[in-house]
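Colleague: Got a structure for you, query.cif, holding mmCIF, C-alpha atoms and all ligand atoms.
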data_coords
loop_
_atom_site.label_atom_id
_atom_site.label_comp_id
_atom_site.auth_asym_id
_atom_site.auth_seq_id
_atom_site.Cartn_x
_atom_site.Cartn_y
_atom_site.Cartn_z
CA MET H 15 173.46 29.33 -39.12
CA GLY H 16 172.51 25.71 -39.76
CA VAL H 17 175.17 23.00 -39.36
CA LEU H 18 175.72 20.65 -42.29
CA ASN H 19 178.55 18.21 -41.68
CA VAL H 20 179.45 16.22 -44.78
CA THR H 21 181.56 13.84 -42.68
CA PRO H 22 181.46 10.25 -41.45
CA ASP H 23 182.50 11.16 -37.90
CA SER H 24 181.00 14.45 -36.65
CA PHE H 25 179.94 14.14 -33.04
CA SER H 26 176.25 14.68 -33.65
CA ASP H 27 175.33 14.26 -37.32
CA GLY H 28 178.35 12.24 -38.54
CA GLY H 29 177.52 9.93 -41.45
CA ARG H 30 174.00 11.30 -41.97
CA TRP H 31 174.86 13.70 -44.80
CA LEU H 32 177.93 12.08 -46.36
CA ASP H 33 176.03 11.39 -49.56
CA PRO H 34 176.03 14.69 -51.53
CA ASP H 35 172.34 14.44 -52.51
CA ALA H 36 171.33 13.82 -48.90
CA ALA H 37 173.50 16.75 -47.80
CA VAL H 38 171.97 19.14 -50.35
CA ALA H 39 168.45 18.03 -49.37
CA ARG H 40 169.27 18.63 -45.71
CA GLY H 41 170.68 22.07 -46.55
CA LEU H 42 167.55 23.04 -48.47
CA ALA H 43 165.39 21.74 -45.62
CA MET H 44 167.28 24.02 -43.23
CA VAL H 45 166.57 26.96 -45.55
CA ASP H 46 162.85 26.09 -45.36
CA GLU H 47 163.18 25.94 -41.60
CA GLY H 48 164.52 29.50 -41.54
CA ALA H 49 168.32 29.26 -41.67
CA ASP H 50 170.00 32.41 -43.01
CA VAL H 51 173.33 30.65 -43.53
CA VAL H 52 174.17 26.97 -44.11
CA ASP H 53 177.59 26.02 -42.75
CA VAL H 54 179.11 23.21 -44.81
CA GLY H 55 181.98 21.26 -43.23
CA GLY H 56 183.99 18.29 -44.51
CA GLU H 57 186.20 17.61 -41.51
CA SER H 58 185.09 16.80 -37.98
CA THR H 59 186.75 19.01 -35.38
CA ARG H 60 185.23 17.16 -32.43
CA PRO H 61 187.70 16.43 -29.62
CA GLY H 62 189.99 13.55 -30.62
CA ALA H 63 189.11 13.70 -34.34
CA ASP H 64 191.81 12.83 -36.86
CA PRO H 65 192.52 15.33 -39.63
CA VAL H 66 191.42 14.56 -43.21
CA ALA H 67 193.44 15.22 -46.38
CA ASP H 68 192.67 18.34 -48.46
CA ASP H 69 191.47 16.41 -51.49
CA GLU H 70 189.06 14.30 -49.43
CA GLU H 71 187.67 17.38 -47.69
CA LEU H 72 187.25 19.07 -51.08
CA ARG H 73 185.55 16.03 -52.54
CA ARG H 74 183.01 16.09 -49.70
CA VAL H 75 182.17 19.80 -49.63
CA LEU H 76 182.49 21.25 -53.14
CA PRO H 77 179.41 19.68 -54.77
CA VAL H 78 177.33 20.56 -51.74
CA VAL H 79 178.52 24.17 -51.65
CA ALA H 80 177.90 24.59 -55.38
CA ALA H 81 174.39 23.13 -55.18
CA LEU H 82 173.32 25.20 -52.16
CA ALA H 83 174.91 28.55 -53.04
CA PRO H 84 172.14 29.66 -55.47
CA HIS H 85 169.58 29.16 -52.69
CA VAL H 86 171.16 30.41 -49.47
CA ARG H 87 174.27 32.04 -48.08
CA VAL H 88 176.82 29.25 -47.67
CA SER H 89 179.70 29.30 -45.23
CA ILE H 90 182.60 26.89 -45.50
CA ASP H 91 183.71 25.39 -42.19
CA THR H 92 187.37 24.57 -42.73
CA ARG H 93 190.89 25.00 -41.37
CA ARG H 94 192.51 24.71 -44.79
CA ALA H 95 193.28 27.57 -47.16
CA ALA H 96 192.90 25.43 -50.30
CA VAL H 97 189.46 24.24 -49.19
CA ALA H 98 188.34 27.76 -48.31
CA GLU H 99 189.58 29.12 -51.66
CA GLN H 100 187.84 26.49 -53.75
CA ALA H 101 184.64 26.67 -51.72
CA VAL H 102 184.54 30.43 -52.26
CA ALA H 103 185.07 29.84 -55.99
CA ALA H 104 182.11 27.43 -55.83
CA GLY H 105 179.87 30.06 -54.24
CA ALA H 106 180.53 30.19 -50.48
CA THR H 107 180.58 33.77 -49.15
CA LEU H 108 181.66 33.19 -45.57
CA VAL H 109 184.84 31.43 -44.39
CA ASN H 110 184.12 29.83 -41.01
CA ASP H 111 187.58 29.24 -39.69
CA VAL H 112 188.14 27.30 -36.45
CA SER H 113 191.88 27.94 -36.85
CA ALA H 114 191.42 31.74 -37.01
CA SER H 115 194.20 31.93 -39.60
CA LEU H 116 192.50 32.06 -43.01
CA TRP H 117 191.66 35.76 -43.25
CA PRO H 118 194.05 36.15 -46.23
CA VAL H 119 191.68 33.90 -48.21
CA ALA H 120 188.74 36.18 -47.47
CA ALA H 121 190.86 39.25 -48.17
CA ALA H 122 191.98 37.87 -51.54
CA ALA H 123 188.38 37.03 -52.46
CA GLY H 124 187.42 40.69 -52.06
CA PRO H 125 184.17 42.37 -51.00
CA GLY H 126 181.24 40.10 -50.27
CA VAL H 127 183.28 37.34 -48.66
CA GLY H 128 183.34 37.41 -44.87
CA TRP H 129 185.45 35.60 -42.28
CA VAL H 130 184.70 34.06 -38.89
CA ALA H 131 187.59 33.98 -36.42
CA MET H 132 187.02 31.21 -33.88
CA HIS H 133 189.17 30.66 -30.81
CA MET H 134 190.66 27.19 -30.36
CA ARG H 135 193.32 26.09 -27.87
CA GLY H 136 195.58 23.48 -29.49
CA GLU H 137 194.13 21.23 -32.17
CA PRO H 138 191.13 18.90 -32.20
CA ARG H 139 193.07 15.67 -31.61
CA THR H 140 194.44 16.86 -28.26
CA MET H 141 192.58 20.03 -27.32
CA GLN H 142 190.54 18.57 -24.47
CA GLN H 143 193.58 17.28 -22.58
CA ALA H 144 193.35 19.42 -19.43
CA PRO H 145 193.04 22.90 -20.96
CA VAL H 146 194.28 25.63 -18.58
CA TYR H 147 193.83 29.42 -18.74
CA ASP H 148 194.69 32.17 -16.27
CA ASP H 149 191.59 34.11 -17.34
CA VAL H 150 189.70 32.35 -20.12
CA VAL H 151 187.46 35.31 -20.93
CA ALA H 152 190.28 37.86 -21.16
CA GLU H 153 192.54 35.52 -23.14
CA VAL H 154 189.90 34.52 -25.67
CA ARG H 155 188.69 38.09 -26.11
CA ALA H 156 192.22 39.45 -26.61
CA PHE H 157 193.02 36.74 -29.15
CA LEU H 158 189.84 37.36 -31.15
CA VAL H 159 190.19 41.13 -31.15
CA GLU H 160 193.77 40.84 -32.40
CA ARG H 161 192.83 38.45 -35.21
CA ALA H 162 189.77 40.49 -36.18
CA ALA H 163 191.87 43.66 -36.45
CA ALA H 164 194.43 41.82 -38.59
CA ALA H 165 191.66 40.74 -40.95
CA ARG H 166 190.17 44.22 -41.13
CA ASP H 167 193.62 45.70 -41.82
CA ALA H 168 194.05 43.15 -44.61
CA GLY H 169 190.83 44.41 -46.18
CA VAL H 170 188.20 41.90 -45.05
CA ASP H 171 185.00 43.92 -44.73
CA GLU H 172 182.93 41.41 -42.76
CA VAL H 173 184.59 39.86 -39.71
CA TRP H 174 182.90 37.76 -37.02
CA VAL H 175 184.32 36.53 -33.73
CA ASP H 176 183.43 33.25 -32.02
CA PRO H 177 184.62 32.14 -28.56
CA GLY H 178 184.92 28.53 -29.76
CA ILE H 179 182.74 26.74 -27.24
CA GLY H 180 184.23 23.28 -26.55
CA PHE H 181 187.50 23.89 -28.40
CA GLY H 182 190.16 23.37 -25.72
CA LYS H 183 187.79 24.31 -22.91
CA THR H 184 186.25 22.66 -19.87
CA ALA H 185 182.56 23.00 -19.07
CA ALA H 186 183.49 25.78 -16.62
CA HIS H 187 185.43 27.61 -19.35
CA ASN H 188 182.48 27.31 -21.74
CA LEU H 189 180.06 28.68 -19.15
CA ALA H 190 182.40 31.56 -18.30
CA LEU H 191 182.64 32.46 -22.00
CA LEU H 192 178.89 32.29 -22.49
CA ARG H 193 178.37 34.52 -19.43
CA ALA H 194 180.83 36.97 -21.03
CA THR H 195 179.00 37.17 -24.38
CA ARG H 196 178.01 40.77 -23.66
CA SER H 197 181.61 41.80 -23.08
CA LEU H 198 182.70 40.07 -26.29
CA ALA H 199 179.92 41.84 -28.20
CA ALA H 200 181.05 45.12 -26.63
CA THR H 201 184.27 44.85 -28.67
CA GLY H 202 182.11 45.89 -31.62
CA TRP H 203 182.72 42.74 -33.66
CA PRO H 204 179.61 40.68 -34.41
CA VAL H 205 179.63 37.53 -32.26
CA LEU H 206 178.84 34.01 -33.43
CA VAL H 207 178.22 31.30 -30.82
CA GLY H 208 178.24 27.55 -31.53
CA ALA H 209 177.11 25.58 -28.49
CA SER H 210 174.51 23.35 -30.17
CA ARG H 211 174.43 19.79 -28.75
CA LYS H 212 177.95 20.09 -27.34
CA THR H 213 179.26 17.80 -24.59
CA PHE H 214 179.22 20.37 -21.78
CA LEU H 215 175.43 20.70 -22.17
CA GLY H 216 175.07 17.02 -21.33
CA LEU H 217 177.42 17.40 -18.35
CA VAL H 218 175.74 20.50 -16.93
CA THR H 219 172.24 19.03 -17.24
CA ALA H 220 173.11 15.45 -16.17
CA GLU H 221 170.39 13.64 -14.25
CA GLY H 222 171.52 11.13 -11.63
CA GLY H 223 175.06 11.40 -12.92
CA VAL H 224 174.01 10.44 -16.47
CA ALA H 225 174.83 13.00 -19.18
CA ALA H 226 172.35 13.40 -22.04
CA ALA H 227 173.49 12.01 -25.42
CA ALA H 228 174.22 14.44 -28.29
CA ASP H 229 170.79 14.10 -29.90
CA ASP H 230 169.10 14.54 -26.53
CA ARG H 231 170.44 18.03 -25.88
CA LEU H 232 167.89 20.08 -27.83
CA GLU H 233 166.34 21.86 -24.85
CA ALA H 234 169.73 22.78 -23.42
CA SER H 235 170.87 23.93 -26.90
CA LEU H 236 167.82 26.17 -27.21
CA ALA H 237 168.39 27.63 -23.77
CA VAL H 238 171.98 28.51 -24.69
CA ALA H 239 170.97 29.98 -28.07
CA VAL H 240 168.38 32.23 -26.42
CA TRP H 241 170.82 33.15 -23.67
CA ALA H 242 173.61 33.99 -26.14
CA VAL H 243 171.45 36.14 -28.42
CA ASP H 244 169.88 37.90 -25.43
CA GLN H 245 173.45 38.72 -24.32
CA GLY H 246 174.37 40.21 -27.67
CA ALA H 247 175.39 37.37 -30.00
CA ALA H 248 174.42 38.19 -33.59
CA MET H 249 174.31 34.62 -34.89
CA VAL H 250 174.09 31.09 -33.45
CA ARG H 251 175.39 27.95 -35.15
CA VAL H 252 172.86 25.15 -34.59
CA HIS H 253 171.86 21.67 -35.69
CA ASP H 254 168.15 22.13 -34.92
CA VAL H 255 167.13 25.04 -37.11
CA ARG H 256 163.34 25.02 -36.83
CA PRO H 257 163.12 25.04 -33.02
CA THR H 258 165.89 27.63 -32.81
CA VAL H 259 164.17 29.94 -35.30
CA GLN H 260 160.96 29.61 -33.30
CA ALA H 261 162.79 30.55 -30.09
CA MET H 262 164.47 33.50 -31.85
CA ARG H 263 161.14 34.80 -33.14
CA LEU H 264 159.86 34.87 -29.59
CA LEU H 265 163.03 36.54 -28.34
CA ALA H 266 162.69 39.21 -31.02
CA VAL H 267 159.36 40.41 -29.56
CA SER H 268 160.34 40.11 -25.90
N1 LIG H 301 181.84 24.09 -33.69
C1 LIG H 301 182.08 23.01 -34.46
C2 LIG H 301 182.49 23.18 -35.79
N2 LIG H 301 182.62 24.40 -36.33
N3 LIG H 301 182.50 26.75 -36.13
C3 LIG H 301 182.26 27.83 -35.37
N4 LIG H 301 182.40 29.07 -35.89
N5 LIG H 301 181.88 27.71 -34.05
C4 LIG H 301 181.73 26.51 -33.44
O1 LIG H 301 181.42 26.47 -32.23
C5 LIG H 301 181.98 25.34 -34.22
C6 LIG H 301 182.37 25.49 -35.58
C7 LIG H 301 181.94 21.64 -33.90
O2 LIG H 301 180.65 21.15 -34.03
P1 LIG H 301 180.10 20.21 -35.23
O3 LIG H 301 180.38 20.79 -36.57
O4 LIG H 301 178.67 19.97 -34.95
O5 LIG H 301 180.83 18.83 -35.05
P2 LIG H 301 182.15 18.22 -35.69
O6 LIG H 301 183.28 19.14 -35.42
O7 LIG H 301 182.29 16.89 -34.99
O8 LIG H 301 181.90 18.05 -37.17
#
As a first step, turn the structure in this file into structure tokens.
Modeller:
Amino acid sequence: MGVLNVTPDSFSDGGRWLDPDAAVARGLAMVDEGADVVDVGGESTRPGADPVADDEELRRVLPVVAALAPHVRVSIDTRRAAVAEQAVAAGATLVNDVSASLWPVAAAAGPGVGWVAMHMRGEPRTMQQAPVYDDVVAEVRAFLVERAAAARDAGVDEVWVDPGIGFGKTAAHNLALLRATRSLAATGWPVLVGASRKTFLGLVTAEGGVAAAADDRLEASLAVAVWAVDQGAAMVRVHDVRPTVQAMRLLAVS
């Protein structure tokens, strides 16, 4: 899954694809690079980000979704029902939901529209303020399994679960969740992991106390993608499609 943020403020590609033509060109380039899904988002959910209004989010994503949908499977990365509904009407067939609450939209859309339940503690503006869990792996897994079952019971025929790396989690929480990918996959739900370029990668790989900047975390992102898929993840959400596809091809013959 290739990341396409049509936003001014995403942590890694903010402002690069705000122009719809540039966003569509980037999406098509990711298809050439081997992406199976292009994940279009119109609101940054990075820690500390301010929410955007529905109509602004719609204005950003709808033309991009409509232009890409004939060429590739498009997912809509949103927390808002109205945005998910209109993006599906414009051709998106996967609702990538960091709020894990929009399964009724996928259910109402009927067969062929899937839903990703992602775990988040709190909301983006405040979620990194000292997150605490008794047992992060057990809590995240229980939450996702409950939401996934609710979606299935509502009639959604394609449900993914995602531990929500970086969403209300410390670096230690993220690493514990990644180590537990196999146990999450053992629930039977297909697992999506989005760790690409995230802050904890810079912290874990810091040299001389200096953390790598977001666009200098490719090697660490590749290592996590390979690790996650080797442990049972069925999809990874990444900014750097070509290198990730190359790594996955190698993993597939290992
Ligand atoms: N991470 C981000 C956004 N959407 N969706 C899923 N399913 N899993 C994730 O880990 C995930 C996600 C945050 O990353 P990004 O879109 O690159 O940045 P921003 O939120 O600043 O736009």
Colleague: Using only C-alpha atoms and all ligand atoms, which protein or nucleic acid residues are at most 6 Å from ligand LIG 301 (chain H), as number ranges by chain?
Modeller: H: 19, 24-26, 58-60, 110, 112, 132, 176, 178-179, 207-209
Colleague: Give me, please, the distance in Å between atom CA of Leu206 of chain H and atom CA of Asp27 of chain H, quoted to one decimal.
Modeller: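 We find that atom CA of Leu206 of chain H and atom CA of Asp27 of chain H lie 20.4 Å from each other.
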Colleague: Would you pick out the contacts of Ala152 of chain H at 12 Å or less, using all atoms listed in the file, so that residues sharing its chain but fewer than 2 positions from it are not included, and give the list as a list in words?
Modeller: Tyr147, Asp148, Asp149, Val150, Val154, Arg155, Ala156, Phe157, Leu158, Val159, Pro177, His187, Ala190, Leu191, Ala194, Thr195, Ser197, Leu198 and Thr201 of chain H
Colleague: Counting only C-alpha atoms, which of H:Met262, H:Val79, H:Asp69, H:Gly246 gets nearest to Leu42 of chain H?
Modeller: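 The closest residue to Leu42 of chain H is H:Val79.
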Colleague: Of the candidates H:His85, H:Gly169, H:Ala63, H:Arg256, which one gets nearest to Arg139 of chain H if we count only C-alpha atoms?
Modeller: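 Between H:His85, H:Gly169, H:Ala63, H:Arg256, the residue approaching Arg139 of chain H most closely is H:Ala63.
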Colleague: Distance atom CA of Ala67 of chain H-atom CA of Glu137 of chain H, one decimal place?
Modeller: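 Pair atom CA of Ala67 of chain H / atom CA of Glu137 of chain H returns 15.4 Å.
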Colleague: Please, what distance in Å, to one decimal, runs between atom CA of Ala101 of chain H and atom CA of Lys212 of chain H?
Modeller: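 A separation of 26.1 Å between them.
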Colleague: Please determine the residues with any atom at most 10 Å from (189.5, 40.2, -36.4) (coordinates as given in the file, with all atoms listed in the file counting) and report them as number ranges by chain.
Modeller: H: 114, 117, 129-132, 157-168, 170, 172-175, 203
Colleague: Nearest to Ala200 of chain H: which of H:Val75, H:Val218, H:Ala120, H:Ala247 is it, counting only C-alpha atoms?
Modeller: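 That would be H:Ala247, the residue with the smallest distance to Ala200 of chain H.
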